[in-house]
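Novice: So that you have it, the file is run-v2.tsv, and it contains TSV, C-alpha atoms:
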```
chain	number	residue	atom	x	y	z
J	191	MET	CA	-4.11	21.39	30.46
J	192	MET	CA	-3.13	20.20	26.99
J	193	ASP	CA	0.52	19.16	26.63
J	194	TRP	CA	1.23	20.67	23.21
J	195	ALA	CA	4.68	19.09	22.98
J	196	TYR	CA	3.16	15.63	23.49
J	197	LEU	CA	0.43	16.37	20.95
J	198	PHE	CA	3.07	17.50	18.43
J	199	GLU	CA	5.07	14.32	19.01
J	200	ILE	CA	2.01	12.08	18.56
J	201	SER	CA	0.99	13.98	15.43
J	202	LEU	CA	4.45	13.57	13.90
J	203	THR	CA	4.36	9.85	14.62
J	204	GLY	CA	0.90	9.60	13.05
J	205	LEU	CA	1.94	11.49	9.91
J	206	ALA	CA	5.05	9.32	9.57
J	207	GLY	CA	2.94	6.17	9.86
J	208	GLY	CA	0.51	7.71	7.40
J	209	GLY	CA	3.33	7.91	4.87
J	210	LEU	CA	3.54	4.11	4.96
J	211	TYR	CA	-0.23	3.88	4.45
J	212	ALA	CA	0.07	6.26	1.51
J	213	LEU	CA	2.73	4.09	-0.14
J	214	ALA	CA	0.63	0.94	0.14
J	215	ALA	CA	-2.47	2.87	-0.95
J	216	LEU	CA	-0.62	4.01	-4.06
J	217	ALA	CA	-0.16	0.33	-4.98
J	218	PHE	CA	-3.91	-0.22	-4.52
J	219	VAL	CA	-4.95	2.84	-6.55
J	220	MET	CA	-2.58	2.01	-9.41
J	221	VAL	CA	-4.35	-1.30	-10.07
J	222	TYR	CA	-7.80	0.20	-9.68
J	223	LYS	CA	-7.18	3.17	-11.98
J	224	ALA	CA	-5.87	0.98	-14.80
J	225	THR	CA	-8.04	-2.12	-14.49
J	226	ARG	CA	-11.00	-1.17	-12.25
J	227	VAL	CA	-10.14	-4.16	-10.03
J	228	VAL	CA	-10.55	-3.72	-6.26
J	229	ASN	CA	-7.54	-5.73	-5.08
J	230	ILE	CA	-8.44	-6.73	-1.54
J	231	ALA	CA	-5.26	-8.88	-1.37
J	232	ILE	CA	-2.90	-5.87	-1.33
J	233	GLY	CA	-2.02	-6.54	2.32
J	234	GLU	CA	-1.10	-10.14	1.55
J	235	ILE	CA	1.05	-9.17	-1.45
J	236	LEU	CA	2.79	-6.71	0.85
J	237	MET	CA	3.35	-9.59	3.30
J	238	VAL	CA	4.87	-11.79	0.58
J	239	GLY	CA	7.33	-9.02	-0.29
J	240	ALA	CA	8.48	-8.84	3.32
J	241	TYR	CA	8.94	-12.63	3.51
J	242	LEU	CA	10.88	-12.69	0.25
J	243	PHE	CA	13.24	-10.06	1.68
J	244	PHE	CA	13.61	-12.17	4.82
J	245	THR	CA	14.47	-15.21	2.71
J	246	PHE	CA	17.04	-13.46	0.56
J	247	SER	CA	18.70	-11.59	3.44
J	248	ALA	CA	18.51	-14.09	6.32
J	249	SER	CA	18.26	-17.52	4.66
J	250	PHE	CA	20.39	-16.90	1.56
J	251	ALA	CA	22.64	-14.35	3.35
J	252	LEU	CA	22.56	-11.92	0.42
J	253	PRO	CA	23.79	-8.37	1.14
J	254	LEU	CA	20.98	-5.89	1.79
J	255	TRP	CA	21.68	-3.92	-1.40
J	256	LEU	CA	20.95	-7.11	-3.35
J	257	ALA	CA	18.27	-8.70	-1.14
J	258	ILE	CA	15.90	-5.73	-1.30
J	259	PRO	CA	15.84	-5.38	-5.12
J	260	ALA	CA	15.57	-9.18	-5.47
J	261	ALA	CA	12.51	-9.26	-3.19
J	262	VAL	CA	10.90	-6.33	-5.01
J	263	LEU	CA	11.50	-7.86	-8.45
J	264	CYS	CA	10.20	-11.28	-7.37
J	265	CYS	CA	7.07	-9.63	-5.99
J	266	GLY	CA	6.65	-7.83	-9.33
J	267	LEU	CA	6.85	-11.21	-11.05
J	268	LEU	CA	4.17	-12.49	-8.68
J	269	GLY	CA	1.98	-9.54	-9.70
J	270	ALA	CA	2.44	-10.43	-13.37
J	271	VAL	CA	1.51	-14.07	-12.73
J	272	ILE	CA	-1.59	-13.07	-10.77
J	273	GLU	CA	-2.76	-10.72	-13.51
J	274	ARG	CA	-2.11	-13.15	-16.34
J	275	THR	CA	-3.52	-16.32	-14.79
J	276	ILE	CA	-6.25	-15.09	-12.43
J	277	ILE	CA	-7.39	-11.56	-13.32
J	278	ARG	CA	-7.20	-11.43	-17.13
J	279	PRO	CA	-9.55	-14.42	-17.69
J	280	LEU	CA	-12.16	-12.46	-15.70
J	281	LEU	CA	-12.17	-9.42	-18.00
J	282	GLY	CA	-15.77	-8.44	-18.70
J	283	GLU	CA	-17.13	-10.24	-15.64
J	284	PRO	CA	-19.13	-8.35	-12.97
J	285	PRO	CA	-16.90	-6.36	-10.57
J	286	ILE	CA	-18.14	-8.39	-7.60
J	287	SER	CA	-16.78	-11.57	-9.19
J	288	VAL	CA	-13.28	-10.14	-9.57
J	289	PHE	CA	-13.49	-8.67	-6.06
J	290	MET	CA	-14.30	-12.09	-4.58
J	291	VAL	CA	-11.41	-13.64	-6.51
J	292	THR	CA	-8.99	-11.21	-4.83
J	293	VAL	CA	-10.52	-12.14	-1.46
J	294	GLY	CA	-9.75	-15.78	-2.22
J	295	LEU	CA	-6.28	-14.81	-3.43
J	296	ALA	CA	-5.59	-13.19	-0.07
J	297	SER	CA	-6.42	-16.44	1.73
J	298	VAL	CA	-4.27	-18.46	-0.68
J	299	LEU	CA	-1.26	-16.19	-0.12
J	300	VAL	CA	-1.64	-16.47	3.67
J	301	GLY	CA	-1.81	-20.25	3.37
J	302	LEU	CA	1.31	-20.37	1.17
J	303	VAL	CA	3.25	-18.16	3.58
J	304	GLU	CA	2.32	-20.38	6.53
J	305	MET	CA	3.25	-23.52	4.57
J	306	ILE	CA	6.64	-22.16	3.50
J	307	TRP	CA	7.69	-20.01	6.45
J	308	THR	CA	5.26	-21.15	9.22
J	309	ALA	CA	3.06	-18.75	11.19
J	310	ASP	CA	5.80	-17.77	13.66
J	311	GLN	CA	6.67	-14.09	13.92
J	312	ARG	CA	10.13	-13.18	12.64
J	313	ARG	CA	12.33	-10.12	12.61
J	314	LEU	CA	13.86	-8.60	9.50
J	315	PRO	CA	17.53	-7.59	9.41
J	316	ASP	CA	18.02	-3.94	10.36
J	317	PHE	CA	18.85	-1.71	7.44
J	318	MET	CA	17.79	1.71	8.78
J	319	PRO	CA	19.74	4.02	11.12
J	320	THR	CA	18.96	3.59	14.83
J	321	GLN	CA	19.98	6.99	16.20
J	322	PRO	CA	17.11	8.78	18.02
J	323	ILE	CA	15.34	11.42	15.94
J	324	MET	CA	14.51	14.72	17.65
J	325	ILE	CA	12.39	17.38	15.93
J	326	GLY	CA	12.36	20.27	18.35
J	327	GLU	CA	11.40	18.66	21.65
J	328	ALA	CA	9.51	15.83	19.97
J	329	PHE	CA	11.01	12.34	19.81
J	330	LEU	CA	10.31	10.17	16.78
J	331	ALA	CA	11.19	6.48	16.66
J	332	PRO	CA	14.07	6.17	14.14
J	333	LYS	CA	12.56	3.26	12.21
J	334	ILE	CA	9.25	5.09	11.80
J	335	PHE	CA	11.02	8.29	10.76
J	336	TRP	CA	13.32	6.64	8.21
J	337	GLY	CA	10.52	4.38	7.00
J	338	ALA	CA	8.44	7.47	6.28
J	339	VAL	CA	11.37	9.14	4.51
J	340	ILE	CA	11.88	6.08	2.30
J	341	ALA	CA	8.13	5.96	1.58
J	342	VAL	CA	8.01	9.65	0.60
J	343	VAL	CA	11.07	9.35	-1.65
J	344	PHE	CA	9.71	6.20	-3.28
J	345	ILE	CA	6.29	7.79	-3.86
J	346	ALA	CA	7.96	10.81	-5.46
J	347	VAL	CA	10.09	8.61	-7.74
J	348	VAL	CA	7.08	6.52	-8.82
J	349	LEU	CA	5.00	9.61	-9.60
J	350	LEU	CA	7.84	11.20	-11.58
J	351	VAL	CA	8.51	8.01	-13.54
J	352	PHE	CA	4.86	7.61	-14.44
J	353	ARG	CA	4.61	11.28	-15.33
J	354	PHE	CA	7.38	11.19	-17.94
J	355	TRP	CA	8.01	7.50	-18.83
J	356	ARG	CA	6.24	6.21	-21.93
J	357	GLY	CA	4.77	3.25	-20.02
J	358	GLY	CA	3.43	5.63	-17.40
J	359	VAL	CA	1.79	7.75	-20.06
J	360	ALA	CA	0.16	4.62	-21.51
J	361	LEU	CA	-1.07	3.62	-18.07
J	362	ARG	CA	-2.57	7.05	-17.44
J	363	ALA	CA	-4.21	7.02	-20.88
J	364	THR	CA	-5.71	3.59	-20.23
J	365	ALA	CA	-6.94	4.71	-16.83
J	366	SER	CA	-8.68	7.70	-18.41
J	367	ASP	CA	-10.39	5.87	-21.30
J	368	GLN	CA	-9.68	2.26	-22.31
J	369	ALA	CA	-11.47	2.54	-25.64
J	370	ALA	CA	-9.56	5.66	-26.59
J	371	ALA	CA	-6.31	4.00	-25.52
J	372	TYR	CA	-7.09	1.05	-27.84
J	373	SER	CA	-7.80	3.42	-30.72
J	374	MET	CA	-4.43	5.13	-30.17
J	375	GLY	CA	-2.62	1.81	-30.54
J	376	ILE	CA	-1.90	1.22	-26.86
J	377	ASN	CA	-1.68	-2.45	-25.90
J	378	VAL	CA	-4.22	-2.32	-23.08
J	379	PRO	CA	-3.72	-5.89	-21.77
J	380	ARG	CA	0.01	-5.17	-21.51
J	381	VAL	CA	-0.82	-2.01	-19.56
J	382	PHE	CA	-2.96	-4.12	-17.21
J	383	SER	CA	0.06	-6.36	-16.58
J	384	LEU	CA	2.27	-3.32	-16.05
J	385	ALA	CA	-0.15	-1.95	-13.45
J	386	TRP	CA	-0.14	-5.23	-11.49
J	387	VAL	CA	3.65	-5.57	-11.70
J	388	VAL	CA	4.32	-2.05	-10.48
J	389	SER	CA	1.62	-2.31	-7.82
J	390	ALA	CA	3.14	-5.52	-6.45
J	391	MET	CA	6.62	-3.95	-6.44
J	392	ILE	CA	5.36	-0.91	-4.54
J	393	ALA	CA	3.58	-3.24	-2.09
J	394	ALA	CA	6.84	-5.17	-1.59
J	395	VAL	CA	8.72	-1.99	-0.67
J	396	SER	CA	5.91	-1.09	1.74
J	397	GLY	CA	6.00	-4.60	3.24
J	398	ILE	CA	9.76	-4.46	3.78
J	399	ILE	CA	9.44	-1.13	5.60
J	400	VAL	CA	6.46	-2.21	7.71
J	401	GLY	CA	8.13	-5.54	8.50
J	402	SER	CA	11.36	-3.85	9.57
J	403	ILE	CA	9.38	-1.75	12.07
J	404	GLY	CA	7.12	-4.36	13.65
J	405	GLY	CA	8.39	-7.74	12.46
J	406	ILE	CA	6.70	-10.07	9.99
J	407	SER	CA	4.08	-12.75	10.42
J	408	SER	CA	1.29	-14.37	8.44
J	409	SER	CA	-1.14	-11.84	9.95
J	410	MET	CA	0.58	-8.87	8.28
J	411	GLY	CA	-2.29	-8.71	5.83
J	412	VAL	CA	-4.34	-6.93	8.53
J	413	PHE	CA	-2.33	-3.86	7.53
J	414	GLY	CA	-4.29	-4.03	4.30
J	415	LEU	CA	-7.53	-3.24	6.17
J	416	SER	CA	-6.21	0.20	7.12
J	417	VAL	CA	-4.93	0.64	3.57
J	418	LEU	CA	-8.40	-0.19	2.25
J	419	VAL	CA	-9.86	2.45	4.56
J	420	VAL	CA	-7.29	4.95	3.26
J	421	VAL	CA	-8.16	4.42	-0.40
J	422	ILE	CA	-11.92	4.48	0.20
J	423	VAL	CA	-11.63	7.68	2.24
J	424	GLY	CA	-9.33	9.29	-0.33
J	425	GLY	CA	-11.14	7.92	-3.37
J	426	LEU	CA	-10.49	4.58	-5.06
J	427	ASP	CA	-9.28	6.19	-8.30
J	428	SER	CA	-7.34	9.14	-6.88
J	429	VAL	CA	-3.58	9.12	-6.38
J	430	LEU	CA	-3.83	12.43	-4.50
J	431	GLY	CA	-6.57	10.89	-2.36
J	432	ALA	CA	-4.33	7.94	-1.51
J	433	LEU	CA	-1.54	10.24	-0.37
J	434	ILE	CA	-3.70	12.63	1.65
J	435	GLY	CA	-5.89	9.82	2.94
J	436	GLY	CA	-2.82	7.96	4.19
J	437	LEU	CA	-1.59	10.93	6.18
J	438	PHE	CA	-5.11	11.62	7.49
J	439	ILE	CA	-5.76	8.06	8.66
J	440	GLY	CA	-2.26	7.77	10.15
J	441	LEU	CA	-2.89	10.92	12.18
J	442	ILE	CA	-6.33	9.75	13.34
J	443	GLU	CA	-4.93	6.37	14.43
J	444	ALA	CA	-2.06	7.95	16.36
J	445	LEU	CA	-4.31	10.40	18.20
J	446	ALA	CA	-6.89	7.71	19.01
J	447	GLY	CA	-4.19	5.32	20.24
J	448	ALA	CA	-2.58	7.99	22.43
J	449	PHE	CA	-5.68	9.50	24.01
J	450	LEU	CA	-8.21	6.63	23.93
J	451	GLY	CA	-6.06	3.50	23.96
J	452	GLY	CA	-4.48	1.18	21.42
J	453	GLU	CA	-7.66	-0.86	21.05
J	454	TYR	CA	-9.43	2.18	19.58
J	455	LYS	CA	-6.98	2.74	16.72
J	456	LEU	CA	-8.68	0.52	14.15
J	457	LEU	CA	-12.14	1.44	15.44
J	458	SER	CA	-11.40	5.14	14.95
J	459	THR	CA	-10.41	4.60	11.31
J	460	PHE	CA	-13.65	2.78	10.50
J	461	ILE	CA	-15.71	5.45	12.27
J	462	MET	CA	-13.95	8.04	10.15
J	463	LEU	CA	-14.65	5.90	7.06
J	464	VAL	CA	-18.39	5.87	7.83
J	465	ILE	CA	-18.44	9.64	8.39
J	466	VAL	CA	-16.62	10.37	5.12
J	467	LEU	CA	-18.84	8.01	3.12
J	468	MET	CA	-21.96	9.63	4.56
J	469	ILE	CA	-20.74	13.02	3.30
J	470	ARG	CA	-18.94	11.97	0.08
J	471	PRO	CA	-19.82	8.38	-0.93
J	472	TYR	CA	-17.10	8.37	-3.63
J	473	GLY	CA	-14.34	9.51	-1.24
J	474	LEU	CA	-12.71	12.88	-0.63
J	475	PHE	CA	-11.04	13.03	-4.06
J	476	GLY	CA	-12.75	10.20	-5.95
J	477	THR	CA	-14.97	10.58	-8.98
J	478	ARG	CA	-18.69	9.95	-8.98
J	479	GLU	CA	-18.38	7.29	-11.69
J	480	ILE	CA	-16.88	4.71	-9.30
J	481	GLU	CA	-18.86	1.50	-9.31
J	482	ARG	CA	-19.91	0.30	-5.87
J	483	LEU	CA	-19.69	-3.33	-4.89
```
Can the structure in the file be given as structure tokens, please?
Specialist:
Amino acid sequence: MMDWAYLFEISLTGLAGGGLYALAALAFVMVYKATRVVNIAIGEILMVGAYLFFTFSASFALPLWLAIPAAVLCCGLLGAVIERTIIRPLLGEPPISVFMVTVGLASVLVGLVEMIWTADQRRLPDFMPTQPIMIGEAFLAPKIFWGAVIAVVFIAVVLLVFRFWRGGVALRATASDQAAAYSMGINVPRVFSLAWVVSAMIAAVSGIIVGSIGGISSSMGVFGLSVLVVVIVGGLDSVLGALIGGLFIGLIEALAGAFLGGEYKLLSTFIMLVIVLMIRPYGLFGTREIERL
């Protein structure tokens, strides 16, 4: 007989984890919408953000209220450097060329992390409440619950800022039609930089949350594989798809891990990816104009 309380608890855990996927997927979609670059290194940028937080909080002993913004801002600077020195010179090149550059970038970032911090796993300082969370009869791990809350709040803030802030309006205009944005006097290259900066900052926040839950290591970039599945399932150019896809994949992973075994979690997401692509090749909420690599 089905234990509905257990199913409810697993589903809540999956949706909470999906919130973290949605946050990282938002970083991915933001770059793609503005620049049409498939940034396969999003998981590694996320990892760098977590290591920067570790350095500022543990090595430099900065207070958490200062260490977190410092890590996020430094990751934003990294995004600007990547866009200006690596991505911008490739404007006009075939999409596959830019895609392969981001694959190489991912390997470079892993190598740098291992050179600077070694490959040993480390724990981030606790900054979230540790009291058990009960929703009805369902127990939710406090770090997962508060991580999801932070992710939801951060997603809402980002969407509101880009809905009403002038820079956000410029980014949305550029994402809709670059030529029209040029004709309206929008500095499109600057918008490209803005997209990479904000994307890297969002990834840093995601990395700090993920690292606080499971620790950090040079293999954190594997998280980016699930994020890639999320954005492909939701649609590479859809913010709504990133949010719904994150919750959907988080739920699928949790159910597969609980009822089939932990080794089936990643397998289940890729099976779901194949099924979705067979039905809607451009994702659940993506547009048909997406170029395929």
Novice: Go ahead and compute the interatomic distance for atom CA of J:Glu199 and atom CA of J:Ala346, in Å to one decimal.
Specialist: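 Atom-to-atom, atom CA of J:Glu199 to atom CA of J:Ala346, that is 24.9 Å.
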Novice: Could you pull out every residue with an atom within 9 Å of (6.4, 18.3, 21.1), file coordinates, counting all atoms listed in the file, and send them as a compact mmCIF listing (two decimals) with C-alpha atoms, in the frame of the given file?
Specialist:
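After the write, result.txt holds the following:
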```
# COMPACT_ATOMS: atom_id res chain seq x y z
CA ASP J 193 0.52 19.16 26.63
CA TRP J 194 1.23 20.67 23.21
CA ALA J 195 4.68 19.09 22.98
CA TYR J 196 3.16 15.63 23.49
CA LEU J 197 0.43 16.37 20.95
CA PHE J 198 3.07 17.50 18.43
CA GLU J 199 5.07 14.32 19.01
CA ILE J 200 2.01 12.08 18.56
CA SER J 201 0.99 13.98 15.43
CA LEU J 202 4.45 13.57 13.90
CA ILE J 325 12.39 17.38 15.93
CA GLY J 326 12.36 20.27 18.35
CA GLU J 327 11.40 18.66 21.65
CA ALA J 328 9.51 15.83 19.97
CA PHE J 329 11.01 12.34 19.81
```
Novice: Rounded to one decimal in Å, what is the spacing between atom CA of J:Leu256 and atom CA of J:Gly414?
Specialist: 26.6 Å
Novice: Name the closest residue to J:Ala331 among the candidates J:Met318, J:Gly436, J:Ser416, J:Ile465; distances are taken between atoms, counting only C-alpha atoms.
Specialist: J:Met318
Novice: Could you tell me how far atom CA of J:Val343 sits from atom CA of J:Pro319, in Å to one decimal place?
Specialist: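 Here the two named atoms are 16.3 Å from each other.
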Novice: Applying 7 Å and all atoms listed in the file, which residues near stretch 219-228 of chain J remain after dropping the ones on its own chain fewer than 3 positions away? List them as an MDAnalysis selection string.
Specialist: chainID J and resid 215:216 288:289 361 364:365 382 385:386 389 426:429
Novice: Under the rule that all atoms listed in the file are counted, which of J:Thr292, J:Ile334, J:Pro259, J:Trp307 is the nearest residue to J:Gly404?
Specialist: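 Smallest distance to J:Gly404 is found for J:Ile334.
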Novice: Excluding J:Ala206 and residues on its chain fewer than 4 positions from it, collect all residues at most 8 Å away from it, counting all atoms listed in the file, and give them as a VMD selection string.
Specialist: chain J and resid 202 210 334 to 335 337 to 338 437 440
